[in-house]
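The file work.pdb comes next; it holds PDB, C-alpha atoms.
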MODEL        1
ATOM      1  CA  MET A   1     158.611  81.412 131.940
ATOM      2  CA  ILE A   2     161.084  78.517 132.067
ATOM      3  CA  ASP A   3     161.527  75.985 129.253
ATOM      4  CA  LEU A   4     162.176  72.635 130.926
ATOM      5  CA  ASN A   5     161.876  70.585 127.722
ATOM      6  CA  LEU A   6     160.345  67.733 129.697
ATOM      7  CA  ALA A   7     160.085  65.563 126.568
ATOM      8  CA  LEU A   8     163.788  64.807 127.020
ATOM      9  CA  TYR A   9     162.911  62.684 130.065
ATOM     10  CA  GLN A  10     160.247  60.436 128.501
ATOM     11  CA  SER A  11     162.740  57.601 128.017
ATOM     12  CA  ALA A  12     163.212  57.454 131.817
ATOM     13  CA  LEU A  13     159.519  56.670 132.382
ATOM     14  CA  ARG A  14     158.207  53.145 132.853
ATOM     15  CA  ILE A  15     154.818  52.713 131.185
ATOM     16  CA  LYS A  16     152.784  49.556 130.755
ATOM     17  CA  ARG A  17     149.310  48.463 129.758
ATOM     18  CA  GLN A  18     147.404  46.227 132.152
ATOM     19  CA  ASN A  19     143.836  45.092 131.514
ATOM     20  CA  GLY A  20     143.568  47.735 128.796
ATOM     21  CA  VAL A  21     144.662  50.555 131.130
ATOM     22  CA  ARG A  22     147.902  52.457 130.606
ATOM     23  CA  GLN A  23     149.900  52.790 133.814
ATOM     24  CA  ILE A  24     153.039  54.648 134.820
ATOM     25  CA  TRP A  25     155.535  53.708 137.529
ATOM     26  CA  ASP A  26     156.044  56.268 140.283
ATOM     27  CA  PRO A  27     159.549  55.686 141.704
ATOM     28  CA  ILE A  28     158.819  57.828 144.775
ATOM     29  CA  ARG A  29     155.583  56.098 145.811
ATOM     30  CA  LYS A  30     156.900  52.793 144.416
ATOM     31  CA  ARG A  31     153.675  51.816 142.677
ATOM     32  CA  TRP A  32     151.935  51.804 139.318
ATOM     33  CA  LEU A  33     149.415  54.600 138.703
ATOM     34  CA  VAL A  34     146.808  55.126 136.008
ATOM     35  CA  LEU A  35     148.451  57.226 133.317
ATOM     36  CA  GLN A  36     146.447  60.461 133.246
ATOM     37  CA  PRO A  37     147.800  63.598 131.514
ATOM     38  CA  GLU A  38     148.531  65.327 134.840
ATOM     39  CA  GLU A  39     150.358  62.246 136.129
ATOM     40  CA  MET A  40     152.529  62.243 133.006
ATOM     41  CA  VAL A  41     153.506  65.857 133.713
ATOM     42  CA  ARG A  42     154.188  65.046 137.372
ATOM     43  CA  GLN A  43     156.444  62.108 136.457
ATOM     44  CA  LEU A  44     158.291  64.073 133.754
ATOM     45  CA  LEU A  45     158.891  66.920 136.221
ATOM     46  CA  LEU A  46     160.183  64.390 138.750
ATOM     47  CA  GLN A  47     162.669  63.006 136.221
ATOM     48  CA  TYR A  48     163.784  66.536 135.318
ATOM     49  CA  LEU A  49     164.421  67.377 138.985
ATOM     50  CA  LEU A  50     166.308  64.130 139.576
ATOM     51  CA  GLN A  51     168.364  64.103 136.377
ATOM     52  CA  ALA A  52     168.897  67.732 135.409
ATOM     53  CA  LYS A  53     168.898  69.377 138.831
ATOM     54  CA  GLY A  54     170.330  66.600 140.979
ATOM     55  CA  TYR A  55     167.484  66.521 143.493
ATOM     56  CA  ASN A  56     167.567  63.787 146.119
ATOM     57  CA  ALA A  57     164.699  61.319 145.565
ATOM     58  CA  GLN A  58     164.571  60.610 149.305
ATOM     59  CA  ARG A  59     163.632  64.266 149.910
ATOM     60  CA  ILE A  60     160.649  64.257 147.528
ATOM     61  CA  ARG A  61     157.052  63.415 148.396
ATOM     62  CA  MET A  62     154.302  63.067 145.817
ATOM     63  CA  GLU A  63     150.706  64.150 146.424
ATOM     64  CA  ARG A  64     151.416  65.255 149.972
ATOM     65  CA  GLY A  65     148.226  65.738 151.992
ATOM     66  CA  LEU A  66     147.299  68.978 153.708
ATOM     67  CA  GLU A  67     144.236  70.740 155.071
ATOM     68  CA  VAL A  68     142.965  74.010 153.572
ATOM     69  CA  ASN A  69     139.979  75.685 155.236
ATOM     70  CA  THR A  70     139.030  72.389 156.914
ATOM     71  CA  MET A  71     139.115  70.560 153.548
ATOM     72  CA  SER A  72     141.616  67.834 152.669
ATOM     73  CA  ARG A  73     143.826  68.675 149.682
ATOM     74  CA  ARG A  74     147.054  67.345 148.137
ATOM     75  CA  CYS A  75     149.936  69.248 146.625
ATOM     76  CA  ASP A  76     151.483  67.432 143.671
ATOM     77  CA  MET A  77     155.071  67.447 144.838
ATOM     78  CA  LEU A  78     156.907  68.650 147.913
ATOM     79  CA  VAL A  79     160.709  68.703 148.157
ATOM     80  CA  PHE A  80     162.380  68.862 151.561
ATOM     81  CA  ASP A  81     165.778  70.314 152.464
ATOM     82  CA  LYS A  82     168.491  68.538 154.478
ATOM     83  CA  ASN A  83     166.700  69.527 157.700
ATOM     84  CA  ILE A  84     163.475  67.952 156.439
ATOM     85  CA  GLN A  85     161.848  71.370 156.033
ATOM     86  CA  PRO A  86     159.702  72.131 152.958
ATOM     87  CA  TRP A  87     161.928  73.643 150.272
ATOM     88  CA  LEU A  88     160.006  73.527 146.964
ATOM     89  CA  LEU A  89     156.302  72.987 146.363
ATOM     90  CA  ALA A  90     155.273  72.027 142.817
ATOM     91  CA  GLU A  91     151.785  72.013 141.345
ATOM     92  CA  CYS A  92     151.276  70.154 138.051
ATOM     93  CA  LYS A  93     148.439  70.397 135.572
ATOM     94  CA  ALA A  94     147.613  68.490 132.405
ATOM     95  CA  PRO A  95     149.071  70.026 129.222
ATOM     96  CA  HIS A  96     145.645  71.278 128.094
ATOM     97  CA  VAL A  97     145.161  73.232 131.362
ATOM     98  CA  PRO A  98     146.677  76.723 131.087
ATOM     99  CA  VAL A  99     149.039  77.862 133.828
ATOM    100  CA  SER A 100     146.818  80.722 134.970
ATOM    101  CA  GLN A 101     146.500  82.945 138.010
ATOM    102  CA  SER A 102     144.115  80.419 139.554
ATOM    103  CA  VAL A 103     146.809  77.708 139.307
ATOM    104  CA  PHE A 104     149.268  80.028 141.069
ATOM    105  CA  ASP A 105     146.643  80.856 143.673
ATOM    106  CA  GLN A 106     146.030  77.153 144.309
ATOM    107  CA  ALA A 107     149.757  76.493 144.811
ATOM    108  CA  ALA A 108     150.144  79.599 146.983
ATOM    109  CA  VAL A 109     147.242  78.544 149.209
ATOM    110  CA  TYR A 110     148.815  75.100 149.617
ATOM    111  CA  ASN A 111     152.106  76.774 150.436
ATOM    112  CA  THR A 112     150.575  78.756 153.310
ATOM    113  CA  THR A 113     150.694  75.416 155.140
ATOM    114  CA  TYR A 114     154.239  74.447 154.150
ATOM    115  CA  LYS A 115     155.937  77.839 153.687
ATOM    116  CA  ALA A 116     158.430  76.442 151.168
ATOM    117  CA  PRO A 117     160.800  79.138 149.854
ATOM    118  CA  TYR A 118     160.265  78.000 146.240
ATOM    119  CA  LEU A 119     157.043  77.494 144.320
ATOM    120  CA  LEU A 120     156.816  75.862 140.880
ATOM    121  CA  VAL A 121     153.776  75.469 138.622
ATOM    122  CA  THR A 122     153.769  73.639 135.301
ATOM    123  CA  ASN A 123     151.540  72.003 132.728
ATOM    124  CA  GLY A 124     154.559  70.409 131.061
ATOM    125  CA  ILE A 125     154.649  73.161 128.442
ATOM    126  CA  ASP A 126     154.605  76.372 130.460
ATOM    127  CA  THR A 127     156.561  76.423 133.712
ATOM    128  CA  TRP A 128     156.963  79.188 136.238
ATOM    129  CA  CYS A 129     159.071  79.118 139.376
ATOM    130  CA  CYS A 130     159.426  81.776 142.034
ATOM    131  CA  ALA A 131     161.358  82.417 145.224
ATOM    132  CA  ILE A 132     159.094  83.442 148.067
ATOM    133  CA  ASP A 133     160.001  85.757 150.929
ATOM    134  CA  HIS A 134     157.415  84.750 153.515
ATOM    135  CA  GLN A 135     158.482  87.412 156.024
ATOM    136  CA  ARG A 136     158.016  90.278 153.565
ATOM    137  CA  GLY A 137     155.098  88.693 151.759
ATOM    138  CA  CYS A 138     156.641  89.002 148.287
ATOM    139  CA  TYR A 139     158.066  86.785 145.542
ATOM    140  CA  ASN A 140     160.422  86.949 142.564
ATOM    141  CA  PHE A 141     160.051  84.883 139.412
ATOM    142  CA  LEU A 142     163.161  82.901 138.573
ATOM    143  CA  GLU A 143     164.784  82.246 135.212
ATOM    144  CA  GLU A 144     165.434  78.616 136.118
ATOM    145  CA  VAL A 145     164.491  75.993 138.675
ATOM    146  CA  PRO A 146     166.825  76.183 141.690
ATOM    147  CA  GLU A 147     169.673  73.684 141.793
ATOM    148  CA  TRP A 148     169.690  71.045 144.485
ATOM    149  CA  GLY A 149     172.641  71.405 146.801
ATOM    150  CA  ARG A 150     173.639  74.691 148.368
ATOM    151  CA  GLY A 151     171.599  75.264 151.493
ATOM    152  CA  VAL A 152     169.427  72.168 151.066
TER
ENDMDL
END
How would this structure read if it were set down as C-alpha cells?
Amino acid sequence: MIDLNLALYQSALRIKRQNGVRQIWDPIRKRWLVLQPEEMVRQLLLQYLLQAKGYNAQRIRMERGLEVNTMSRRCDMLVFDKNIQPWLLAECKAPHVPVSQSVFDQAAVYNTTYKAPYLLVTNGIDTWCCAIDHQRGCYNFLEEVPEWGRGV
C-alpha cells in the first residue's frame, strides 16, 4: 500500500457553493462538478499527480469512456504517454468504499481495453499501484506511484 497523503493537496482545490450545492472545479475538464466524495478523491489524486509527480495535465483525461461487454463504462482517470498511448489507468472510490478485490477487478477489466502498463486504485486513504506485464499476464505491486518523465 502507498501513502499518498492526499490531504496535503486540499489547498489546491477550488470549491464553491452554488444554489446550496457544493461544487468543485475540474481543471482537466474545465468545468464545475457536484462535489461528491468520489469526485473529491479524484481531484485530490489529480493534484498529487500534477504537483508531486510532475505529470503533464495535457496528457490526462478524466472519466474516459469505454465499452465493456457491450456496456458503456468510464474509467476515472487515464494518463497518456508522449506517444498518446495509455500509460496509467486510475480508479477512484469514495473514502468509505474499501479498496477491495472487486475494485481491482473493475480497474483491470477497464484496462483490458486500454492496456496501460500501470494501474492505480485509491479511496483517498488506501492506495495501490501496480506495473502490469500484458504479454506475460502478470503484475507487480509498486512501493510508489511512477514518476512522470522517463519513457513517457
Using all atoms of region 91-95 of chain A listed in the file and a margin of 6 Å per side, can you give the axis-aligned box centre and edge lengths in Å to one decimal, as JSON?
{"center_x": 149.7, "center_y": 70.3, "center_z": 135.3, "size_x": 16.2, "size_y": 15.5, "size_z": 24.1}
What residues come out when you apply the PyMOL selection byres ((chain A and resi 52) around 12) to this file, written as a list of chain:residue names?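 Written out, the selection comes to A:Leu4, A:Asn5, A:Leu6, A:Leu8, A:Tyr9, A:Leu44, A:Leu45, A:Leu46, A:Gln47, A:Tyr48, A:Leu49, A:Leu50, A:Gln51, A:Lys53, A:Gly54, A:Tyr55, A:Asn56, A:Glu144, A:Val145, A:Pro146, A:Glu147, A:Trp148.
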Can you measure CA of Ile2 (chain A) to CA of Pro86 (chain A) for me? One decimal in Å is fine.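 CA of Ile2 (chain A) sits 21.9 Å away from CA of Pro86 (chain A).
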Looking at A:Gly65, A:Gly137, A:Glu143, A:Leu119, which one is nearest to Val103 (chain A), with distances taken over only C-alpha atoms? A:Leu119
Closest of A:Leu89, A:Ile28, A:Ile125, A:Ala12 to Met62 (chain A) - atom-to-atom distances counting only C-alpha atoms: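 Residue with the minimum atom-to-atom distance to Met62 (chain A): A:Ile28.
Of note, CA of Arg14 (chain A) and CA of Gly124 (chain A) are spaced 17.7 Å apart.
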Written as a list in words, which residues does the PyMOL selection byres ((chain A and resi 93) around 8) give for the file shown?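 This file gives the following for the PyMOL selection byres ((chain A and resi 93) around 8): Pro37, Glu38, Val41, Glu91, Cys92, Ala94, Pro95, Val97, Pro98, Val99, Val121, Thr122, Asn123 and Gly124 of chain A.
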Evaluate the PyMOL selection byres ((chain A and resi 18-24) around 8) and report residues as a PyMOL selection string: chain A and resi 13-17+25-26+32-35+40
Convert the current residue selection to file output with C-alpha atoms, as a CSV table (one decimal), in the frame of the given file.
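This went into again_31.csv:
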chain,number,residue,atom,x,y,z
A,13,LEU,CA,159.5,56.7,132.4
A,14,ARG,CA,158.2,53.1,132.9
A,15,ILE,CA,154.8,52.7,131.2
A,16,LYS,CA,152.8,49.6,130.8
A,17,ARG,CA,149.3,48.5,129.8
A,25,TRP,CA,155.5,53.7,137.5
A,26,ASP,CA,156.0,56.3,140.3
A,32,TRP,CA,151.9,51.8,139.3
A,33,LEU,CA,149.4,54.6,138.7
A,34,VAL,CA,146.8,55.1,136.0
A,35,LEU,CA,148.5,57.2,133.3
A,40,MET,CA,152.5,62.2,133.0
Taking only C-alpha atoms into account, name the residue in A:Ala57, A:Gln106, A:Ala90, A:Ala7 that is nearest to Cys129 (chain A). A:Ala90
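Nearest to Arg73 (chain A) of all the residues A:Leu88, A:Val109, A:Cys138, A:Met1 is A:Val109, based on all atoms listed in the file.
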Just give me the gap between CA of Gln10 (chain A) and CA of Ile60 (chain A) in Å, one decimal is fine.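 If I compute the distance from CA of Gln10 (chain A) to CA of Ile60 (chain A), I get 19.4 Å.
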Pick from A:Thr113, A:Ser100, A:Gln43, A:Asn140, whichever lies nearest to Asp126 (chain A) using only C-alpha atoms: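 Smallest distance to Asp126 (chain A) is found for A:Ser100.
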